[in-house]
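This report refers to the structure that appears directly beneath it.
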Amino acid sequence: MVNVGDLEEYVGVPRVGGLVLSPDGTRLVTSVATLDAKKTKYLTALWEVDPTGERPARRLTRSAKSEGGAAFTRDGDVLFTSARPDPGAKDADDEAPPALWLLPRDGAEARVVASRKGGLGGVTVAKDADVALLTGDVLPHATDAEHDEKLRTARKDKKVAAILHAGYPVRYWDHDLGPGRPHLFTADLAALTPDTAPLAGDDEQRLTLVDRTPSPGAALVEQHAAISPDGTTIVTGWTEPRARGDQRGRLVAVDVATGERRTLVSDDAFDAFDPVISPDGRWVVFGRETISTPHDAPQAGLALVPLAGGEVRLVAADWDRWPGSPVWLPDSSGLLVVADDEGRAPVFRIDLDPAGDTVTRVTSDDAAFTDVQVAPDGRTAYALRSSYLAPAHPVRIDLTAVPSAAVPLRSPAPALDLPGRLEEVETTVADGRRVRAWLALPHGANADERAPLLLWIHGGPLGSWNAWSWRWNPWLLVARGYAVLLPDPALSTGYGRDFVQAGWGAWGEAPFTDLMAVTDVAEAHPAVDETRTAALGGSFGGYMANWVAGHTDRFRAVVTHASLWALDQFGPTTDASYYWQREMTPEMAWANSPHRFVEQIVTPMLVIHGDKDYRVPIGEGLRLWYELLAKSGLPADDEGRTPHRFLYFPDENHWVLSPQHAVVWYQVVEAFLAEHVLGRTGDQAVPYPDVLG
């Protein structure tokens with residue numbers, strides 16, 4: 001058992017992600033991230049998990065470049081992408097982009113079967129045909145693969161990093177968009193039969209990649225595609241640029257043989273994305289989200305359209321939840337989906353019927369599920385399950401008797417020893433809504449040994465505290481003796497659209513009062529010390545931490561990570577300004593902007609921000625830091641001394657992902673809280689990490 005409370009042990013815990021099932025239902029493959037030898041980055045390898053739960057998991061791949069994107073061929077071989085060196089290449093290139101590799105089912109060594117100078121990813125295989133669908137970036141002026149390679153070499157040799165944009169957006173979360181644009185390629189996997197299997201390094205026998213989306217512009221940026229079971233049709237999300245920097249998500253179908261492209265779904269009232277084609281090849285289910293306005297929250301869910309084209313209909317239209325990640329049942333009669341629900345994210349089955357779809361909860365666990373896979377006979381499903389009691393691990397789900405608890409399989413990752421217990425608290429707020437939260441308490445916390453309380457506010461804001469998070473993990477601070485409250489205030493998902501609407505366009509109102517109300521309940525818990533409290537949050541949670549700091553002095557400290565501070569500044573500089581314009585009017589943004597209340601902040605604040613954060617740009621953190629020192633009710637004194645702190649990461653993004661930076665993050669948070677919440681100063685102080693200088 002791994003001790004979660006030890007930071008070095010914690011960052012070294014293997015992390016499971018992704019799950020794919022072989023066509024015959026006998027093999028599961030997942031990926032596992034582990035620390036490299038220097039403990040400065042994570043490497044990902046593919047592992048096989050026994051669907052019966054009898055055999056231990058076994059490792060399939062190993063390299064210093066990681067592997068990912070696993071998919072099974074019809075014959076049961078494993079395709080994956082990796083930038084690991086090709087042993088058959090004439091000139092080894094340590095900076096080569098990801099290529100497509102094949103790991104034969106007979107246990108033979110993996111070999112490269114396709115490569116491009118622009119890299120490959122997003123591998124999907126047709127269910128009933130030897131056709132693979134892949135994505136790869138192509139420079140906009142390239143006329144063919146050879147020209148693309150020549151242009152890339154020129155940029156590299158001349159050290160040109162500049163990108164000329166003619167549209168929006170120009171970056172996404174933590175990476176710049178361009179100059180390459182995603183294209184969709186297909187490859188005929190029949191070339192990989194044993195009789196004609198290519199030798200390592202034999203370029204002439206490698207798969208031929210055919211570009212099925214020439215000149216897409218930016219339409220395929222951050223979109224996902226599917227291929228029909230017979231391999232004849234591609235359906236993909238397609239971004240359509242609009243006036244004034246806006247855009248819409250469409251679905252288009254591409255004929256693999258002719259390259260002819262037709263619009264499948266296009267409606268100005270909603271974005272369409274993430275298509276999945278039914279096993280019988282007749283239907284496409286896709287994500288659908290209405291275009292919000294500053295006064296109306298979006299309605300998210302699923303819809304159906306015939307693959308041949310026709311009328312769109314909503315899936316489970318009367319169900320007041322937002323289902324996603326649809327997986328077809330083998331007979332195409334229905335779907336398995338996941339939806340946030342009351343602080344969980346169960347698996348649900350939707351039986352499709354034009355007269356009225358039926359929704360049935362499949363899993364009874366107090367947990368969240370991802371990466372659902374269905375066995376060929378439709379009687380069993382597999383998934384990754386997580387909760388605040390355990391990180392993601394593979395499970396088996398019996399579809400013949402529902403609802404039922406999922407059965408754990410033998411995971412590649414070890415079990416964890418948690419330093420406390422998990423409870424649930426709730427309250428009813430003024431408008432009659434029920435607001436609930438998870439409360440993590442240290443072992444031994446009781447009326448005689450009460451724990452100081454940390455209010456942790458989730459991001460999104462459309463989200464829920466319902467799944468294990470490696471970045472925002474309450475147990476690391478529970479191990480230090482704190483109780484951690486994880487509430488779902490207004491704007492949280494899993495409680496119906498009215499719950500989201502309650503905070504829409506008014507972030508500083510219902511979300512704030514909900515948080516304060518559920519904190520009141522937690523402070524009344526006999527194991528909680530209501531006199532020693534702090535508030536923490538990241539992204540939207542950081543926004544709310546800033547709002548809390550300017551509207552109450554009930555907390556002894558506030559930690560704000562990647563936070564929105566001045567909403568008029570944030571709107572035009574975030575990576576998705578078009579979406580922000582749907583969120584608030586200028587008047588709403590002004591009314592709900594935390595920076596207007598800086599003079600009222602009398603609580604010590606720890607500001608944390610990464611320079612590579614494009615969702616909440618660094619300008620938010622820089623302005624917040626300066627205005628805390630210059631304008632807050634707790635400004636720097638005449639000698640420039642301040643109780644506030646600014647933890648700045650020049651090379652980190654929205655989340656702060658590198659292992660040792662994560663360690664520093666928690667160490668600084670712990671030291672700051674120890675000083676201001678626990679009052680540990682002088683000889684009793686918790687030191688800030690030495691590596692900070």
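FYI, nothing fancy with the structure tokens labels: chains A, B, ... in order, residues from 1 per chain, ligands from 1 as they appear.
Contact shell of Arg396 in chain A at 9 Å (only C-alpha atoms; same-chain neighbours under 6 positions omitted): Pro51, Thr52, Gly53, Thr380, Ala381, Tyr382, Ala383, Leu384, Ala406, Val407, Pro408 and Leu409 of chain A.
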Export C-alpha atoms of the chosen residues as a PDB file, in the first residue's frame?
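And here is the file that came out, again09.pdb:
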```pdb
ATOM      1  CA  PRO A  51     -10.920  -9.123 -18.385  1.00  0.00           C
ATOM      2  CA  THR A  52     -11.635 -12.152 -16.179  1.00  0.00           C
ATOM      3  CA  GLY A  53      -9.692 -10.649 -13.274  1.00  0.00           C
ATOM      4  CA  THR A 380     -20.488  -7.202 -19.913  1.00  0.00           C
ATOM      5  CA  ALA A 381     -18.848  -3.801 -19.928  1.00  0.00           C
ATOM      6  CA  TYR A 382     -15.434  -2.659 -18.747  1.00  0.00           C
ATOM      7  CA  ALA A 383     -14.383   0.781 -17.556  1.00  0.00           C
ATOM      8  CA  LEU A 384     -12.056   2.776 -15.376  1.00  0.00           C
ATOM      9  CA  ALA A 406     -18.581  -2.896 -10.612  1.00  0.00           C
ATOM     10  CA  VAL A 407     -16.059  -5.661  -9.905  1.00  0.00           C
ATOM     11  CA  PRO A 408     -12.382  -4.594  -9.726  1.00  0.00           C
ATOM     12  CA  LEU A 409      -9.930  -6.261 -12.108  1.00  0.00           C
TER      13      LEU A 409
END
```
Mind checking which residues fall within 12 Å of Val11 in chain A, counting only C-alpha atoms, ignoring those fewer than 3 positions away in the same chain, and posting them as number ranges by chain?
A: 2-8, 14-15, 33-36, 39-42, 470-471, 473, 476, 657-666
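Atom pair CA of Leu21 in chain A / CA of Asp371 in chain A has a distance of 10.1 Å (rounded to one decimal).
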Taking the chain letters and numbering used in this document, name the residues of range 508-568 of chain A that DSSP puts in alpha helix (DSSP H), as a ChimeraX atom specification.
-> /A:510-523,540-551,567-568
Output of the above residues as a short mmCIF file (atom, residue, chain, number, x, y, z; two decimals), in the first residue's frame, restricted to C-alpha atoms:
```cif
data_model
loop_
_atom_site.label_atom_id
_atom_site.label_comp_id
_atom_site.auth_asym_id
_atom_site.auth_seq_id
_atom_site.Cartn_x
_atom_site.Cartn_y
_atom_site.Cartn_z
CA ALA A 510 -25.51 31.94 -5.92
CA PRO A 511 -22.17 30.13 -6.27
CA PHE A 512 -20.75 32.29 -3.47
CA THR A 513 -23.76 32.04 -1.15
CA ASP A 514 -23.96 28.26 -1.77
CA LEU A 515 -20.31 27.89 -0.78
CA MET A 516 -20.79 29.89 2.39
CA ALA A 517 -23.93 27.94 3.31
CA VAL A 518 -22.34 24.50 2.94
CA THR A 519 -19.23 25.75 4.75
CA ASP A 520 -21.49 26.71 7.66
CA VAL A 521 -22.71 23.10 7.78
CA ALA A 522 -19.18 21.70 7.64
CA GLU A 523 -18.05 24.02 10.42
CA PHE A 540 -13.04 29.10 -11.77
CA GLY A 541 -12.33 27.90 -8.24
CA GLY A 542 -9.51 30.46 -8.18
CA TYR A 543 -11.94 33.12 -9.38
CA MET A 544 -14.24 32.18 -6.54
CA ALA A 545 -11.35 32.19 -4.05
CA ASN A 546 -10.64 35.77 -5.16
CA TRP A 547 -14.32 36.65 -4.79
CA VAL A 548 -14.41 35.07 -1.34
CA ALA A 549 -11.34 37.09 -0.30
CA GLY A 550 -13.07 40.33 -1.30
CA HIS A 551 -16.42 39.53 0.32
CA LEU A 567 -12.96 39.88 -16.11
CA ASP A 568 -12.79 42.71 -18.65
#
```
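In this structure, CA of Tyr579 in chain A sits 22.8 Å away from CA of Arg623 in chain A.
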Report as a short mmCIF file (atom, residue, chain, number, x, y, z; two decimals) with N, CA and C atoms, in the first residue's frame: the residues of range 334-568 of chain A with a DSSP assignment of strand (DSSP E or B), based on the backbone of this structure.
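For reference, selection_37.cif as written:
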```cif
data_model
loop_
_atom_site.label_atom_id
_atom_site.label_comp_id
_atom_site.auth_asym_id
_atom_site.auth_seq_id
_atom_site.Cartn_x
_atom_site.Cartn_y
_atom_site.Cartn_z
N GLY A 334 -29.08 0.62 -28.35
CA GLY A 334 -28.97 1.61 -27.30
C GLY A 334 -27.53 1.99 -27.03
N LEU A 335 -27.35 2.74 -25.96
CA LEU A 335 -26.05 3.32 -25.64
C LEU A 335 -25.73 3.11 -24.16
N LEU A 336 -24.47 3.03 -23.86
CA LEU A 336 -24.00 3.25 -22.51
C LEU A 336 -23.38 4.64 -22.47
N VAL A 337 -23.72 5.42 -21.46
CA VAL A 337 -23.20 6.78 -21.33
C VAL A 337 -22.78 7.00 -19.88
N VAL A 338 -22.05 8.07 -19.66
CA VAL A 338 -21.67 8.51 -18.32
C VAL A 338 -22.25 9.91 -18.13
N ASP A 341 -23.90 12.98 -11.63
CA ASP A 341 -25.17 12.78 -10.94
C ASP A 341 -24.94 12.80 -9.43
N ARG A 344 -21.53 11.99 -8.16
CA ARG A 344 -21.01 10.76 -8.76
C ARG A 344 -21.06 10.92 -10.28
N ALA A 345 -20.53 9.95 -10.99
CA ALA A 345 -20.65 9.92 -12.45
C ALA A 345 -20.86 8.47 -12.87
N VAL A 347 -22.48 4.96 -14.78
CA VAL A 347 -22.80 4.51 -16.13
C VAL A 347 -24.31 4.33 -16.22
N PHE A 348 -24.90 4.82 -17.30
CA PHE A 348 -26.32 4.65 -17.58
C PHE A 348 -26.50 3.96 -18.92
N ARG A 349 -27.58 3.22 -19.05
CA ARG A 349 -27.95 2.65 -20.35
C ARG A 349 -29.14 3.43 -20.89
N ILE A 350 -29.07 3.79 -22.16
CA ILE A 350 -30.19 4.46 -22.83
C ILE A 350 -30.69 3.52 -23.92
N ASP A 351 -31.90 2.99 -23.74
CA ASP A 351 -32.54 2.18 -24.77
C ASP A 351 -33.25 3.13 -25.72
N THR A 358 -35.50 5.23 -22.97
CA THR A 358 -35.55 4.81 -21.58
C THR A 358 -34.15 4.85 -20.98
N VAL A 359 -34.00 5.51 -19.83
CA VAL A 359 -32.71 5.63 -19.15
C VAL A 359 -32.70 4.76 -17.90
N THR A 360 -31.66 3.93 -17.78
CA THR A 360 -31.52 3.04 -16.63
C THR A 360 -30.12 3.20 -16.05
N ARG A 361 -30.03 3.39 -14.75
CA ARG A 361 -28.71 3.45 -14.12
C ARG A 361 -28.12 2.05 -14.07
N THR A 363 -24.59 1.33 -12.90
CA THR A 363 -23.68 1.12 -11.77
C THR A 363 -24.25 1.73 -10.50
N ALA A 368 -17.08 7.52 -10.14
CA ALA A 368 -17.14 8.08 -11.49
C ALA A 368 -16.48 7.10 -12.45
N PHE A 369 -17.06 6.96 -13.64
CA PHE A 369 -16.58 5.99 -14.61
C PHE A 369 -16.16 6.69 -15.90
N THR A 370 -15.12 6.15 -16.54
CA THR A 370 -14.67 6.64 -17.84
C THR A 370 -14.27 5.47 -18.70
N ASP A 371 -14.03 5.74 -20.00
CA ASP A 371 -13.45 4.76 -20.93
C ASP A 371 -14.26 3.46 -20.96
N VAL A 372 -15.57 3.58 -21.04
CA VAL A 372 -16.43 2.40 -21.05
C VAL A 372 -16.25 1.61 -22.34
N GLN A 373 -16.13 0.28 -22.21
CA GLN A 373 -16.00 -0.64 -23.34
C GLN A 373 -17.04 -1.75 -23.16
N VAL A 374 -17.67 -2.19 -24.27
CA VAL A 374 -18.71 -3.21 -24.19
C VAL A 374 -18.22 -4.48 -24.87
N THR A 380 -21.49 -7.71 -20.84
CA THR A 380 -20.49 -7.20 -19.91
C THR A 380 -19.90 -5.91 -20.45
N ALA A 381 -19.58 -5.01 -19.56
CA ALA A 381 -18.85 -3.80 -19.93
C ALA A 381 -17.61 -3.69 -19.04
N TYR A 382 -16.65 -2.94 -19.51
CA TYR A 382 -15.43 -2.66 -18.75
C TYR A 382 -15.25 -1.15 -18.73
N ALA A 383 -14.58 -0.66 -17.68
CA ALA A 383 -14.38 0.78 -17.56
C ALA A 383 -13.28 1.05 -16.56
N LEU A 384 -12.90 2.31 -16.47
CA LEU A 384 -12.06 2.78 -15.38
C LEU A 384 -12.96 3.44 -14.35
N ARG A 385 -12.78 3.07 -13.09
CA ARG A 385 -13.59 3.63 -12.01
C ARG A 385 -12.69 4.42 -11.07
N SER A 386 -13.15 5.58 -10.64
CA SER A 386 -12.42 6.35 -9.64
C SER A 386 -13.42 7.05 -8.73
N SER A 387 -12.92 7.53 -7.61
CA SER A 387 -13.73 8.29 -6.67
C SER A 387 -12.74 8.98 -5.75
N ALA A 390 -10.39 6.27 -4.31
CA ALA A 390 -9.41 5.51 -5.10
C ALA A 390 -9.23 6.15 -6.46
N PRO A 391 -7.98 6.16 -6.98
CA PRO A 391 -7.75 6.65 -8.34
C PRO A 391 -8.26 5.65 -9.37
N ALA A 392 -8.16 6.01 -10.64
CA ALA A 392 -8.70 5.19 -11.72
C ALA A 392 -8.11 3.79 -11.72
N HIS A 393 -8.99 2.79 -11.84
CA HIS A 393 -8.58 1.39 -11.91
C HIS A 393 -9.61 0.64 -12.74
N PRO A 394 -9.20 -0.44 -13.42
CA PRO A 394 -10.12 -1.14 -14.32
C PRO A 394 -11.13 -1.98 -13.55
N VAL A 395 -12.37 -2.02 -14.08
CA VAL A 395 -13.44 -2.80 -13.45
C VAL A 395 -14.27 -3.49 -14.52
N ARG A 396 -15.00 -4.51 -14.09
CA ARG A 396 -15.94 -5.23 -14.94
C ARG A 396 -17.35 -4.94 -14.45
N ILE A 397 -18.28 -4.71 -15.40
CA ILE A 397 -19.66 -4.34 -15.08
C ILE A 397 -20.60 -5.36 -15.70
N ASP A 398 -21.45 -5.95 -14.89
CA ASP A 398 -22.45 -6.90 -15.37
C ASP A 398 -23.66 -6.13 -15.90
N SER A 404 -25.83 -2.51 -10.40
CA SER A 404 -24.97 -3.38 -9.61
C SER A 404 -23.62 -2.72 -9.45
N VAL A 407 -17.01 -4.74 -10.52
CA VAL A 407 -16.06 -5.66 -9.91
C VAL A 407 -14.64 -5.26 -10.31
N PRO A 408 -13.75 -4.99 -9.37
CA PRO A 408 -12.38 -4.59 -9.73
C PRO A 408 -11.64 -5.72 -10.44
N LEU A 416 -3.90 2.31 -2.62
CA LEU A 416 -3.39 3.42 -1.82
C LEU A 416 -3.94 3.36 -0.41
N ASP A 417 -3.11 3.80 0.52
CA ASP A 417 -3.50 3.86 1.93
C ASP A 417 -3.90 5.30 2.24
N GLY A 420 -7.48 9.09 5.92
CA GLY A 420 -8.69 9.59 6.55
C GLY A 420 -9.94 8.90 6.03
N ARG A 421 -11.07 9.53 6.30
CA ARG A 421 -12.37 8.97 5.92
C ARG A 421 -13.16 10.01 5.13
N LEU A 422 -14.15 9.54 4.38
CA LEU A 422 -14.94 10.42 3.53
C LEU A 422 -16.39 10.40 3.99
N GLU A 423 -16.95 11.59 4.18
CA GLU A 423 -18.36 11.73 4.54
C GLU A 423 -19.04 12.67 3.56
N GLU A 424 -20.34 12.79 3.69
CA GLU A 424 -21.12 13.68 2.84
C GLU A 424 -21.90 14.64 3.71
N VAL A 425 -21.93 15.92 3.32
CA VAL A 425 -22.73 16.91 4.04
C VAL A 425 -23.58 17.66 3.03
N GLU A 426 -24.65 18.28 3.50
CA GLU A 426 -25.52 19.03 2.59
C GLU A 426 -26.32 20.05 3.36
N THR A 427 -26.91 20.97 2.59
CA THR A 427 -27.80 21.98 3.16
C THR A 427 -28.82 22.37 2.10
N THR A 428 -29.83 23.08 2.51
CA THR A 428 -30.82 23.64 1.58
C THR A 428 -30.71 25.15 1.64
N ARG A 434 -30.89 22.02 -3.03
CA ARG A 434 -30.07 21.22 -2.14
C ARG A 434 -28.62 21.34 -2.60
N VAL A 435 -27.73 21.75 -1.70
CA VAL A 435 -26.31 21.89 -1.99
C VAL A 435 -25.55 20.89 -1.14
N ARG A 436 -24.78 20.01 -1.83
CA ARG A 436 -24.08 18.94 -1.10
C ARG A 436 -22.57 19.04 -1.35
N ALA A 437 -21.82 18.28 -0.52
CA ALA A 437 -20.36 18.29 -0.63
C ALA A 437 -19.81 17.01 -0.03
N TRP A 438 -18.61 16.64 -0.49
CA TRP A 438 -17.81 15.61 0.18
C TRP A 438 -16.98 16.29 1.26
N LEU A 439 -16.80 15.59 2.37
CA LEU A 439 -15.96 16.10 3.45
C LEU A 439 -14.95 15.01 3.81
N ALA A 440 -13.68 15.28 3.53
CA ALA A 440 -12.60 14.34 3.85
C ALA A 440 -12.03 14.72 5.22
N LEU A 441 -12.00 13.77 6.13
CA LEU A 441 -11.57 14.02 7.51
C LEU A 441 -10.39 13.14 7.86
N PRO A 442 -9.45 13.65 8.64
CA PRO A 442 -8.32 12.81 9.07
C PRO A 442 -8.79 11.69 10.00
N ALA A 451 -10.33 19.10 13.55
CA ALA A 451 -9.42 19.42 12.45
C ALA A 451 -9.75 20.79 11.86
N PRO A 452 -8.73 21.60 11.53
CA PRO A 452 -8.97 22.84 10.79
C PRO A 452 -9.57 22.51 9.42
N LEU A 453 -10.34 23.44 8.88
CA LEU A 453 -11.12 23.17 7.67
C LEU A 453 -10.59 23.93 6.46
N LEU A 454 -10.46 23.23 5.32
CA LEU A 454 -10.10 23.84 4.05
C LEU A 454 -11.27 23.71 3.09
N LEU A 455 -11.77 24.82 2.61
CA LEU A 455 -12.81 24.85 1.58
C LEU A 455 -12.12 24.82 0.22
N TRP A 456 -12.29 23.72 -0.53
CA TRP A 456 -11.70 23.59 -1.87
C TRP A 456 -12.80 23.77 -2.90
N ILE A 457 -12.61 24.72 -3.81
CA ILE A 457 -13.65 25.08 -4.78
C ILE A 457 -13.24 24.58 -6.16
N ALA A 483 -9.22 18.96 7.61
CA ALA A 483 -10.45 18.47 6.99
C ALA A 483 -10.62 19.26 5.69
N VAL A 484 -11.02 18.58 4.62
CA VAL A 484 -11.16 19.23 3.32
C VAL A 484 -12.59 19.09 2.83
N LEU A 485 -13.21 20.23 2.54
CA LEU A 485 -14.59 20.28 2.06
C LEU A 485 -14.59 20.46 0.55
N LEU A 486 -15.30 19.57 -0.16
CA LEU A 486 -15.36 19.58 -1.62
C LEU A 486 -16.81 19.78 -2.05
N PRO A 487 -17.26 21.04 -2.18
CA PRO A 487 -18.67 21.31 -2.45
C PRO A 487 -18.98 21.45 -3.94
N VAL A 528 -14.76 19.22 13.25
CA VAL A 528 -14.18 20.36 12.54
C VAL A 528 -14.00 21.54 13.49
N ASP A 529 -12.83 22.18 13.37
CA ASP A 529 -12.53 23.39 14.15
C ASP A 529 -12.89 24.60 13.30
N GLU A 530 -14.04 25.22 13.60
CA GLU A 530 -14.54 26.33 12.79
C GLU A 530 -13.73 27.61 12.97
N THR A 531 -12.81 27.65 13.91
CA THR A 531 -12.03 28.86 14.13
C THR A 531 -10.76 28.89 13.28
N ARG A 532 -10.44 27.78 12.64
CA ARG A 532 -9.23 27.71 11.82
C ARG A 532 -9.62 27.20 10.44
N THR A 533 -9.79 28.12 9.48
CA THR A 533 -10.29 27.76 8.16
C THR A 533 -9.53 28.51 7.08
N ALA A 534 -9.56 27.96 5.87
CA ALA A 534 -8.98 28.61 4.69
C ALA A 534 -9.81 28.21 3.48
N ALA A 535 -9.69 28.99 2.42
CA ALA A 535 -10.37 28.70 1.15
C ALA A 535 -9.33 28.57 0.05
N LEU A 536 -9.53 27.56 -0.82
CA LEU A 536 -8.61 27.31 -1.93
C LEU A 536 -9.42 27.03 -3.18
N GLY A 537 -8.85 27.38 -4.35
CA GLY A 537 -9.52 27.05 -5.60
C GLY A 537 -8.62 27.29 -6.79
N GLY A 538 -8.92 26.59 -7.90
CA GLY A 538 -8.15 26.75 -9.12
C GLY A 538 -9.06 27.01 -10.30
N ALA A 557 -6.84 32.31 5.56
CA ALA A 557 -5.95 32.34 4.40
C ALA A 557 -6.75 31.96 3.17
N VAL A 558 -6.28 32.42 2.01
CA VAL A 558 -6.90 32.08 0.72
C VAL A 558 -5.79 31.70 -0.25
N VAL A 559 -5.96 30.56 -0.93
CA VAL A 559 -5.02 30.11 -1.97
C VAL A 559 -5.76 30.18 -3.30
N THR A 560 -5.22 30.92 -4.26
CA THR A 560 -5.87 31.10 -5.55
C THR A 560 -4.92 30.69 -6.66
N HIS A 561 -5.33 29.68 -7.42
CA HIS A 561 -4.48 29.07 -8.45
C HIS A 561 -5.09 29.32 -9.82
#
```
